[in-house]
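Engineer: My file is query-v1.cif. It has mmCIF, C-alpha atoms and all ligand atoms:
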data_protein
loop_
_atom_site.group_PDB
_atom_site.id
_atom_site.type_symbol
_atom_site.label_atom_id
_atom_site.label_comp_id
_atom_site.auth_asym_id
_atom_site.auth_seq_id
_atom_site.Cartn_x
_atom_site.Cartn_y
_atom_site.Cartn_z
ATOM 1 C CA MET A 272 122.011 80.605 72.567
ATOM 2 C CA ASP A 273 121.685 77.960 75.256
ATOM 3 C CA ASN A 274 118.664 75.682 75.422
ATOM 4 C CA ARG A 275 119.520 74.169 78.787
ATOM 5 C CA PRO A 276 117.001 74.766 81.624
ATOM 6 C CA ILE A 277 117.139 77.270 84.484
ATOM 7 C CA GLY A 278 117.093 75.864 88.030
ATOM 8 C CA PHE A 279 114.911 77.395 90.764
ATOM 9 C CA LEU A 280 114.907 76.373 94.424
ATOM 10 C CA ASP A 281 112.953 77.184 97.548
ATOM 11 C CA SER A 282 112.058 75.594 100.855
ATOM 12 C CA GLY A 283 108.565 74.996 99.450
ATOM 13 C CA VAL A 284 105.897 76.407 97.140
ATOM 14 C CA GLY A 285 106.923 80.034 97.647
ATOM 15 C CA GLY A 286 109.518 79.902 94.880
ATOM 16 C CA LEU A 287 106.654 79.368 92.451
ATOM 17 C CA THR A 288 105.842 83.062 92.768
ATOM 18 C CA VAL A 289 109.166 83.736 91.020
ATOM 19 C CA VAL A 290 108.590 80.935 88.524
ATOM 20 C CA ARG A 291 105.125 82.175 87.549
ATOM 21 C CA GLU A 292 106.389 85.643 86.744
ATOM 22 C CA PHE A 293 109.413 84.180 84.957
ATOM 23 C CA MET A 294 107.253 81.893 82.769
ATOM 24 C CA ARG A 295 105.037 84.835 81.873
ATOM 25 C CA GLN A 296 108.039 86.894 80.753
ATOM 26 C CA LEU A 297 110.067 84.127 79.087
ATOM 27 C CA PRO A 298 107.709 81.341 78.028
ATOM 28 C CA HIS A 299 110.262 79.601 75.809
ATOM 29 C CA GLU A 300 112.729 78.967 78.666
ATOM 30 C CA ARG A 301 112.599 75.626 80.475
ATOM 31 C CA VAL A 302 112.249 75.458 84.270
ATOM 32 C CA ILE A 303 113.506 72.878 86.755
ATOM 33 C CA PHE A 304 112.090 73.620 90.211
ATOM 34 C CA VAL A 305 112.905 71.972 93.508
ATOM 35 C CA GLY A 306 111.119 72.676 96.799
ATOM 36 C CA ASP A 307 112.311 71.180 100.075
ATOM 37 C CA GLN A 308 108.859 70.880 101.639
ATOM 38 C CA ALA A 309 109.895 68.010 103.904
ATOM 39 C CA ARG A 310 112.134 70.458 105.797
ATOM 40 C CA ALA A 311 110.144 73.705 105.391
ATOM 41 C CA PRO A 312 109.937 76.227 106.891
ATOM 42 C CA TYR A 313 113.585 77.262 106.684
ATOM 43 C CA GLY A 314 113.009 80.626 108.368
ATOM 44 C CA PRO A 315 113.318 79.484 112.006
ATOM 45 C CA ARG A 316 116.301 77.155 111.339
ATOM 46 C CA PRO A 317 119.920 77.924 112.233
ATOM 47 C CA ALA A 318 122.081 79.367 109.454
ATOM 48 C CA GLU A 319 124.250 76.249 109.183
ATOM 49 C CA GLN A 320 121.228 74.069 108.444
ATOM 50 C CA ILE A 321 119.864 76.493 105.860
ATOM 51 C CA ARG A 322 123.299 76.576 104.231
ATOM 52 C CA ALA A 323 123.567 72.765 104.096
ATOM 53 C CA TYR A 324 120.014 72.202 102.814
ATOM 54 C CA THR A 325 120.347 74.885 100.152
ATOM 55 C CA TRP A 326 123.606 73.397 98.910
ATOM 56 C CA GLU A 327 121.859 70.010 98.634
ATOM 57 C CA MET A 328 119.227 71.550 96.361
ATOM 58 C CA VAL A 329 121.946 73.271 94.333
ATOM 59 C CA GLN A 330 123.765 69.945 93.852
ATOM 60 C CA PHE A 331 120.499 68.375 92.724
ATOM 61 C CA LEU A 332 119.896 71.146 90.180
ATOM 62 C CA LEU A 333 123.449 70.774 88.863
ATOM 63 C CA THR A 334 122.691 67.121 88.009
ATOM 64 C CA LYS A 335 120.017 68.531 85.665
ATOM 65 C CA ASP A 336 122.604 70.490 83.691
ATOM 66 C CA VAL A 337 121.092 73.919 84.404
ATOM 67 C CA LYS A 338 122.575 77.050 82.829
ATOM 68 C CA MET A 339 121.649 79.343 85.730
ATOM 69 C CA ILE A 340 120.387 78.937 89.309
ATOM 70 C CA VAL A 341 117.860 81.184 90.996
ATOM 71 C CA LEU A 342 117.607 81.053 94.789
ATOM 72 C CA ALA A 343 113.866 81.756 94.807
ATOM 73 C CA CYS A 344 113.993 82.034 98.587
ATOM 74 C CA ASN A 345 114.921 85.101 100.623
ATOM 75 C CA THR A 346 115.979 83.011 103.604
ATOM 76 C CA ALA A 347 118.463 80.971 101.552
ATOM 77 C CA THR A 348 119.632 84.108 99.746
ATOM 78 C CA SER A 349 120.349 85.889 103.032
ATOM 79 C CA VAL A 350 122.510 82.999 104.288
ATOM 80 C CA VAL A 351 124.266 81.400 101.361
ATOM 81 C CA TRP A 352 123.897 83.306 98.073
ATOM 82 C CA GLU A 353 127.394 84.854 98.209
ATOM 83 C CA ASP A 354 128.979 81.453 98.836
ATOM 84 C CA ILE A 355 127.113 79.651 96.037
ATOM 85 C CA LYS A 356 127.740 82.502 93.620
ATOM 86 C CA ALA A 357 131.477 82.390 94.370
ATOM 87 C CA LYS A 358 131.743 78.624 93.920
ATOM 88 C CA LEU A 359 129.733 77.959 90.750
ATOM 89 C CA ASP A 360 130.744 78.881 87.246
ATOM 90 C CA ILE A 361 127.163 79.508 86.105
ATOM 91 C CA PRO A 362 125.225 82.672 87.076
ATOM 92 C CA VAL A 363 123.451 82.451 90.451
ATOM 93 C CA LEU A 364 120.736 84.933 91.348
ATOM 94 C CA GLY A 365 119.173 85.724 94.712
ATOM 95 C CA VAL A 366 115.896 87.539 95.366
ATOM 96 C CA ILE A 367 117.021 90.228 97.795
ATOM 97 C CA LEU A 368 118.858 92.829 95.716
ATOM 98 C CA PRO A 369 116.069 93.119 93.124
ATOM 99 C CA GLY A 370 113.481 93.651 95.908
ATOM 100 C CA ALA A 371 115.670 96.178 97.713
ATOM 101 C CA SER A 372 116.205 98.265 94.562
ATOM 102 C CA ALA A 373 112.506 98.212 93.706
ATOM 103 C CA ALA A 374 111.631 99.443 97.202
ATOM 104 C CA ILE A 375 113.964 102.427 96.860
ATOM 105 C CA LYS A 376 112.394 103.343 93.528
ATOM 106 C CA SER A 377 108.887 103.036 94.908
ATOM 107 C CA THR A 378 109.003 104.951 98.207
ATOM 108 C CA LYS A 379 108.010 108.611 98.278
ATOM 109 C CA SER A 380 107.982 109.082 102.054
ATOM 110 C CA GLY A 381 111.356 107.330 102.509
ATOM 111 C CA LYS A 382 109.703 104.875 104.902
ATOM 112 C CA VAL A 383 109.892 101.263 103.792
ATOM 113 C CA GLY A 384 108.636 98.142 105.580
ATOM 114 C CA VAL A 385 110.105 94.679 105.078
ATOM 115 C CA LEU A 386 108.307 91.441 105.904
ATOM 116 C CA GLY A 387 110.321 88.252 106.175
ATOM 117 C CA THR A 388 111.143 85.041 107.979
ATOM 118 C CA GLN A 389 113.052 84.910 111.239
ATOM 119 C CA MET A 390 116.387 84.374 109.459
ATOM 120 C CA THR A 391 115.877 87.025 106.772
ATOM 121 C CA ILE A 392 114.923 89.676 109.296
ATOM 122 C CA THR A 393 117.615 88.689 111.823
ATOM 123 C CA SER A 394 120.246 88.924 109.086
ATOM 124 C CA ASP A 395 119.078 92.533 108.548
ATOM 125 C CA ILE A 396 120.062 92.104 104.916
ATOM 126 C CA TYR A 397 117.239 94.180 103.398
ATOM 127 C CA ARG A 398 118.031 97.175 105.601
ATOM 128 C CA LYS A 399 121.729 96.895 104.761
ATOM 129 C CA LYS A 400 121.124 96.619 101.010
ATOM 130 C CA ILE A 401 118.508 99.384 100.946
ATOM 131 C CA GLN A 402 120.601 101.783 103.038
ATOM 132 C CA ALA A 403 123.772 101.012 101.073
ATOM 133 C CA LEU A 404 122.005 102.478 98.030
ATOM 134 C CA SER A 405 119.858 105.031 99.813
ATOM 135 C CA PRO A 406 121.130 105.857 103.344
ATOM 136 C CA GLU A 407 118.242 108.223 104.122
ATOM 137 C CA THR A 408 115.567 105.521 103.641
ATOM 138 C CA GLU A 409 114.109 104.326 106.943
ATOM 139 C CA VAL A 410 113.509 100.572 107.082
ATOM 140 C CA THR A 411 111.162 98.895 109.555
ATOM 141 C CA SER A 412 111.355 95.106 109.530
ATOM 142 C CA LEU A 413 108.817 92.602 110.759
ATOM 143 C CA VAL A 414 109.076 88.837 111.230
ATOM 144 C CA CYS A 415 105.937 87.016 110.065
ATOM 145 C CA PRO A 416 106.425 83.479 111.414
ATOM 146 C CA ARG A 417 102.847 82.344 110.781
ATOM 147 C CA PHE A 418 102.628 83.226 107.075
ATOM 148 C CA VAL A 419 104.663 80.362 105.538
ATOM 149 C CA PRO A 420 102.767 77.562 107.362
ATOM 150 C CA LEU A 421 99.469 79.093 106.155
ATOM 151 C CA VAL A 422 100.667 78.985 102.548
ATOM 152 C CA GLU A 423 102.211 75.512 102.760
ATOM 153 C CA SER A 424 98.946 74.129 104.161
ATOM 154 C CA ASN A 425 96.986 75.809 101.335
ATOM 155 C CA GLU A 426 95.003 77.966 103.771
ATOM 156 C CA MET A 427 95.815 81.309 102.186
ATOM 157 C CA HIS A 428 92.160 82.080 101.404
ATOM 158 C CA SER A 429 90.852 81.137 104.864
ATOM 159 C CA SER A 430 89.446 83.385 107.571
ATOM 160 C CA LEU A 431 92.367 82.259 109.741
ATOM 161 C CA ALA A 432 94.788 83.678 107.155
ATOM 162 C CA LYS A 433 92.960 86.997 107.250
ATOM 163 C CA LYS A 434 93.062 87.120 111.037
ATOM 164 C CA VAL A 435 96.764 86.216 111.209
ATOM 165 C CA VAL A 436 97.779 88.717 108.516
ATOM 166 C CA TYR A 437 95.763 91.591 110.003
ATOM 167 C CA GLU A 438 97.145 90.941 113.505
ATOM 168 C CA THR A 439 100.749 90.522 112.342
ATOM 169 C CA LEU A 440 100.791 93.670 110.218
ATOM 170 C CA LYS A 441 99.234 95.970 112.834
ATOM 171 C CA PRO A 442 102.595 97.464 113.950
ATOM 172 C CA LEU A 443 103.325 98.648 110.382
ATOM 173 C CA LYS A 444 99.936 100.109 109.545
ATOM 174 C CA GLY A 445 100.136 103.785 108.610
ATOM 175 C CA LYS A 446 103.926 103.825 109.076
ATOM 176 C CA VAL A 447 105.254 102.970 105.583
ATOM 177 C CA ASP A 448 104.292 103.728 101.978
ATOM 178 C CA THR A 449 106.144 100.725 100.519
ATOM 179 C CA LEU A 450 106.211 97.183 101.826
ATOM 180 C CA VAL A 451 108.634 94.520 100.616
ATOM 181 C CA LEU A 452 107.251 90.990 100.593
ATOM 182 C CA GLY A 453 110.647 89.649 101.635
ATOM 183 C CA CYS A 454 109.689 85.996 101.447
ATOM 184 C CA THR A 455 108.647 84.321 98.221
ATOM 185 C CA HIS A 456 105.690 82.653 99.961
ATOM 186 C CA TYR A 457 104.066 85.989 100.807
ATOM 187 C CA PRO A 458 102.776 86.965 97.333
ATOM 188 C CA LEU A 459 100.357 84.032 97.751
ATOM 189 C CA LEU A 460 98.807 86.098 100.578
ATOM 190 C CA ARG A 461 99.021 89.331 98.617
ATOM 191 C CA PRO A 462 95.312 90.301 98.455
ATOM 192 C CA ILE A 463 94.967 89.973 102.234
ATOM 193 C CA ILE A 464 98.243 91.825 102.877
ATOM 194 C CA GLN A 465 97.109 94.640 100.567
ATOM 195 C CA ASN A 466 93.756 94.901 102.327
ATOM 196 C CA ALA A 467 95.395 94.906 105.734
ATOM 197 C CA MET A 468 97.835 97.686 104.778
ATOM 198 C CA GLY A 469 95.354 99.743 102.743
ATOM 199 C CA PRO A 470 95.408 100.819 99.082
ATOM 200 C CA GLY A 471 97.995 103.569 99.622
ATOM 201 C CA VAL A 472 100.799 101.099 100.349
ATOM 202 C CA LYS A 473 102.780 99.748 97.417
ATOM 203 C CA LEU A 474 103.689 96.052 97.786
ATOM 204 C CA ILE A 475 107.016 94.921 96.338
ATOM 205 C CA ASP A 476 107.144 91.307 95.218
ATOM 206 C CA SER A 477 110.854 90.479 95.328
ATOM 207 C CA GLY A 478 110.216 87.408 93.188
ATOM 208 C CA ALA A 479 108.621 89.331 90.346
ATOM 209 C CA GLU A 480 111.481 91.846 90.463
ATOM 210 C CA THR A 481 113.946 88.946 90.239
ATOM 211 C CA ALA A 482 112.223 87.507 87.173
ATOM 212 C CA ARG A 483 113.066 90.751 85.345
ATOM 213 C CA ASP A 484 116.719 90.436 86.375
ATOM 214 C CA ILE A 485 116.925 86.848 85.086
ATOM 215 C CA SER A 486 116.000 88.138 81.682
ATOM 216 C CA VAL A 487 118.714 90.821 81.845
ATOM 217 C CA LEU A 488 121.339 88.225 82.811
ATOM 218 C CA LEU A 489 120.312 85.830 80.056
ATOM 219 C CA ASN A 490 120.835 88.645 77.582
ATOM 220 C CA TYR A 491 124.108 89.721 79.143
ATOM 221 C CA PHE A 492 125.630 86.239 79.016
ATOM 222 C CA GLU A 493 123.919 85.488 75.672
ATOM 223 C CA ILE A 494 122.445 82.288 77.028
ATOM 224 C CA ASN A 495 118.796 82.742 76.021
ATOM 225 C CA ALA A 496 117.040 79.662 74.716
ATOM 226 C CA ALA A 497 116.330 79.869 71.006
ATOM 227 C CA ARG A 498 112.823 81.215 70.505
ATOM 228 C CA GLU A 499 112.126 78.487 68.006
ATOM 229 C CA ALA A 500 113.404 75.808 70.436
ATOM 230 C CA ILE A 501 110.764 73.161 70.919
ATOM 231 C CA ARG A 502 109.772 73.721 74.512
ATOM 232 C CA SER A 503 110.110 70.463 76.381
ATOM 233 C CA ASN A 504 108.338 70.012 79.672
ATOM 234 C CA HIS A 505 109.196 71.866 82.816
ATOM 235 C CA GLU A 506 110.169 69.655 85.761
ATOM 236 C CA PHE A 507 108.973 70.087 89.339
ATOM 237 C CA TYR A 508 110.392 68.238 92.327
ATOM 238 C CA THR A 509 109.504 68.223 95.996
ATOM 239 C CA THR A 510 111.018 66.394 98.964
ATOM 240 C CA ALA A 511 107.511 65.792 100.430
ATOM 241 C CA SER A 512 104.080 64.909 99.004
ATOM 242 C CA PRO A 513 103.867 65.501 95.227
ATOM 243 C CA GLU A 514 100.045 65.690 95.451
ATOM 244 C CA ALA A 515 100.063 68.502 98.030
ATOM 245 C CA PHE A 516 102.634 70.423 95.995
ATOM 246 C CA GLN A 517 100.746 69.858 92.759
ATOM 247 C CA GLY A 518 97.455 71.186 94.173
ATOM 248 C CA ILE A 519 98.929 74.535 95.159
ATOM 249 C CA ALA A 520 101.265 74.750 92.144
ATOM 250 C CA GLU A 521 98.647 74.079 89.473
ATOM 251 C CA SER A 522 96.223 76.629 90.826
ATOM 252 C CA TRP A 523 98.976 79.242 91.191
ATOM 253 C CA LEU A 524 100.601 78.598 87.795
ATOM 254 C CA GLY A 525 97.303 78.026 85.983
ATOM 255 C CA GLN A 526 98.569 74.932 84.157
ATOM 256 C CA ARG A 527 98.862 71.175 84.569
ATOM 257 C CA ILE A 528 102.266 70.038 85.803
ATOM 258 C CA GLU A 529 103.999 66.779 86.675
ATOM 259 C CA VAL A 530 105.576 66.628 90.135
ATOM 260 C CA GLU A 531 108.083 64.044 91.351
ATOM 261 C CA ARG A 532 109.292 63.323 94.851
ATOM 262 C CA VAL A 533 113.051 63.577 95.254
ATOM 263 C CA THR A 534 115.419 62.631 98.074
ATOM 264 C CA LEU A 535 118.218 65.137 98.476
HETATM 265 N N1 LIG A 601 110.139 81.198 100.695
HETATM 266 C C1 LIG A 601 111.206 81.382 101.563
HETATM 267 C C2 LIG A 601 111.682 82.787 101.643
HETATM 268 O O1 LIG A 601 111.602 83.461 100.661
HETATM 269 C C3 LIG A 601 111.374 80.533 102.759
HETATM 270 C C4 LIG A 601 110.298 80.469 103.752
HETATM 271 C C5 LIG A 601 110.598 79.472 104.835
HETATM 272 O O2 LIG A 601 110.815 78.293 104.504
HETATM 273 O O3 LIG A 601 110.646 79.863 106.001
HETATM 274 O O4 LIG A 601 112.193 83.240 102.634
#
Starting from the coordinates I provided, produce the structure as C-alpha cells.
Structural biologist:
Amino acid sequence: MDNRPIGFLDSGVGGLTVVREFMRQLPHERVIFVGDQARAPYGPRPAEQIRAYTWEMVQFLLTKDVKMIVLACNTATSVVWEDIKAKLDIPVLGVILPGASAAIKSTKSGKVGVLGTQMTITSDIYRKKIQALSPETEVTSLVCPRFVPLVESNEMHSSLAKKVVYETLKPLKGKVDTLVLGCTHYPLLRPIIQNAMGPGVKLIDSGAETARDISVLLNYFEINAAREAIRSNHEFYTTASPEAFQGIAESWLGQRIEVERVTL
C-alpha cells in the first residue's frame, strides 16, 4: 500500500483526458496534475525544448512526493519517456505503447490511422511501435496542427472546430478502420472526429488505454492507495491562467477543482 499521489503532466489541458479516465477507474487514488499552458503547444517545438520543459515538470512533480509519473502527453512521450524512465526510481508511464497495442487489437482491415502533433508524427513512433508488434499493419499518419489551439482556447464545440476537423481528416476518410487519437488533447474533439470519419471507424483514445495500464502497474508494484484511505484533495497546477484552465477542466472532469499557477 502507498497513499502517495500519482503525478500527471501535459503541455496543457489535454492530459486531463487521461486523468478523467483514471479517476473513474481508481477514485481513491490522489492526482497531482501539471500543465505547461504558458508554453503550449509543444508539438511544433524542437525536441531539445520539449525534453527540457518536460524534465522541468517532472522535477516539479517530484517535489510533491509522487509514487508514479504519467507523461499524459504523446509529444513528450515520443521525445523523452525513455530517458525519464531510465533516470527515475519510480514507475514512469507514457501514452504511446498503450494506444499502439489497442490499435492492433481493434483493426480488422489492417489499416490504421494515427493523428498527432508535428513532433509525434515526425518521430514516427506510433508506426514503429505498431509494426514492431504487427508488421503487416499499414499505418497512415497525419499531423493535425490546428487541433490543440482549438482545445486550449475552449473552442472545441464551435463551427470553426467542425470545419477544421473535417478539412484536416479528409485524406484519411475511407482509408482506415481504426484511428488513434495520438495526442491527449484530441479526445476533447472526439464527437466531431467521429462524425468526420463516420461510424465505421473505431477511435482509440491513447489516454484511456493508459489509465488501464496505470492500474496494472499499481497492482504489480503493490503501491495502490488503501481503499479506506481518506481521499485528500487532488491538486492541479498550470503555468498560465488558472481561470482558463479551471473552466475547461471543471466541465471536462465534471467536478469543482482548485487550480494554482506555478512557475517551473
Ligand atoms: N497533449 C499533447 C500530446 O499528447 C501535446 C500537444 C501539444 O502541446 O502540442 O501530444
Engineer: Can I get the residues close to ligand LIG 601 (chain A) as a PDB file with C-alpha atoms, keeping the file's coordinate frame, where close means within 8 Å and we count only C-alpha atoms and all ligand atoms?
Structural biologist:
ATOM      1  CA  ASP A 281     112.953  77.184  97.548  1.00  0.00           C
ATOM      2  CA  SER A 282     112.058  75.594 100.855  1.00  0.00           C
ATOM      3  CA  GLY A 283     108.565  74.996  99.450  1.00  0.00           C
ATOM      4  CA  VAL A 284     105.897  76.407  97.140  1.00  0.00           C
ATOM      5  CA  GLY A 285     106.923  80.034  97.647  1.00  0.00           C
ATOM      6  CA  GLY A 286     109.518  79.902  94.880  1.00  0.00           C
ATOM      7  CA  ALA A 311     110.144  73.705 105.391  1.00  0.00           C
ATOM      8  CA  PRO A 312     109.937  76.227 106.891  1.00  0.00           C
ATOM      9  CA  TYR A 313     113.585  77.262 106.684  1.00  0.00           C
ATOM     10  CA  GLY A 314     113.009  80.626 108.368  1.00  0.00           C
ATOM     11  CA  PRO A 315     113.318  79.484 112.006  1.00  0.00           C
ATOM     12  CA  ALA A 343     113.866  81.756  94.807  1.00  0.00           C
ATOM     13  CA  CYS A 344     113.993  82.034  98.587  1.00  0.00           C
ATOM     14  CA  ASN A 345     114.921  85.101 100.623  1.00  0.00           C
ATOM     15  CA  THR A 346     115.979  83.011 103.604  1.00  0.00           C
ATOM     16  CA  ALA A 347     118.463  80.971 101.552  1.00  0.00           C
ATOM     17  CA  VAL A 366     115.896  87.539  95.366  1.00  0.00           C
ATOM     18  CA  GLY A 387     110.321  88.252 106.175  1.00  0.00           C
ATOM     19  CA  THR A 388     111.143  85.041 107.979  1.00  0.00           C
ATOM     20  CA  GLN A 389     113.052  84.910 111.239  1.00  0.00           C
ATOM     21  CA  THR A 391     115.877  87.025 106.772  1.00  0.00           C
ATOM     22  CA  PRO A 416     106.425  83.479 111.414  1.00  0.00           C
ATOM     23  CA  VAL A 419     104.663  80.362 105.538  1.00  0.00           C
ATOM     24  CA  GLY A 453     110.647  89.649 101.635  1.00  0.00           C
ATOM     25  CA  CYS A 454     109.689  85.996 101.447  1.00  0.00           C
ATOM     26  CA  THR A 455     108.647  84.321  98.221  1.00  0.00           C
ATOM     27  CA  HIS A 456     105.690  82.653  99.961  1.00  0.00           C
ATOM     28  CA  TYR A 457     104.066  85.989 100.807  1.00  0.00           C
TER      29      TYR A 457
END
Engineer: Give me, as a list in words, all polymer residues having an atom no more than 9 Å from A:Ile401, counting all atoms listed in the file and skipping those fewer than 6 positions away in the same chain.
Structural biologist: Leu368, Ala371, Ser372, Ala374, Ile375, Thr408, Glu409 and Val410 of chain A
Engineer: So that I can see what lies close to A:Asp273, please list as a compact mmCIF listing (two decimals) with C-alpha atoms, keeping the file's coordinate frame the residues with an atom at most 7 Å from it, counting all atoms listed in the file and leaving out residues fewer than 6 positions away in the same chain.
Structural biologist:
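Printed below is out.txt as written:
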# COMPACT_ATOMS: atom_id res chain seq x y z
CA ILE A 494 122.44 82.29 77.03
CA ASN A 495 118.80 82.74 76.02
CA ALA A 496 117.04 79.66 74.72
Engineer: Find the spatial neighbours of stretch 442-452 of chain A, counting all atoms listed in the file, within a cut-off of 6 Å - ignore same-chain residues fewer than 3 positions away - and output them as number ranges by chain.
Structural biologist: A: 378, 382-386, 457, 468, 472-476
Engineer: Counting all atoms listed in the file, what is within 12 Å of A:Ile361, bar same-chain residues fewer than 6 positions away, as number ranges by chain?
Structural biologist: A: 275, 277-278, 329, 332-333, 336-341, 355, 488-489, 492, 494
Engineer: Can you tell me, as a PDB file with C-alpha atoms, keeping the file's coordinate frame, what residues are no more than 12 Å from A:Val487 when counting only C-alpha atoms, ignoring any on the same chain fewer than 6 positions away?
Structural biologist:
ATOM      1  CA  PHE A 293     109.413  84.180  84.957  1.00  0.00           C
ATOM      2  CA  GLN A 296     108.039  86.894  80.753  1.00  0.00           C
ATOM      3  CA  LEU A 297     110.067  84.127  79.087  1.00  0.00           C
ATOM      4  CA  PRO A 362     125.225  82.672  87.076  1.00  0.00           C
ATOM      5  CA  LEU A 364     120.736  84.933  91.348  1.00  0.00           C
ATOM      6  CA  PRO A 369     116.069  93.119  93.124  1.00  0.00           C
ATOM      7  CA  GLU A 480     111.481  91.846  90.463  1.00  0.00           C
ATOM      8  CA  THR A 481     113.946  88.946  90.239  1.00  0.00           C
ATOM      9  CA  GLU A 493     123.919  85.488  75.672  1.00  0.00           C
ATOM     10  CA  ILE A 494     122.445  82.288  77.028  1.00  0.00           C
ATOM     11  CA  ASN A 495     118.796  82.742  76.021  1.00  0.00           C
TER      12      ASN A 495
END
Engineer: Choose the residue, out of A:His428, A:Trp326, A:Ser349, A:Val414, that has the smallest atom-to-atom separation from A:Tyr397; count only C-alpha atoms.
Structural biologist: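 Of A:His428, A:Trp326, A:Ser349, A:Val414, the one nearest A:Tyr397, counting only C-alpha atoms, is A:Ser349.
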Engineer: Please compute the atom CA of A:Leu287-atom CA of A:Val305 distance, one decimal, in Å.
Structural biologist: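 If I compute the distance from atom CA of A:Leu287 to atom CA of A:Val305, I get 9.7 Å.
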Engineer: Taking only C-alpha atoms into account, name the residue in A:Leu280, A:Leu535, A:Val289, A:Ala309 that is nearest to A:Ala479.
Structural biologist: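 Closest to A:Ala479 of all the choices is A:Val289.
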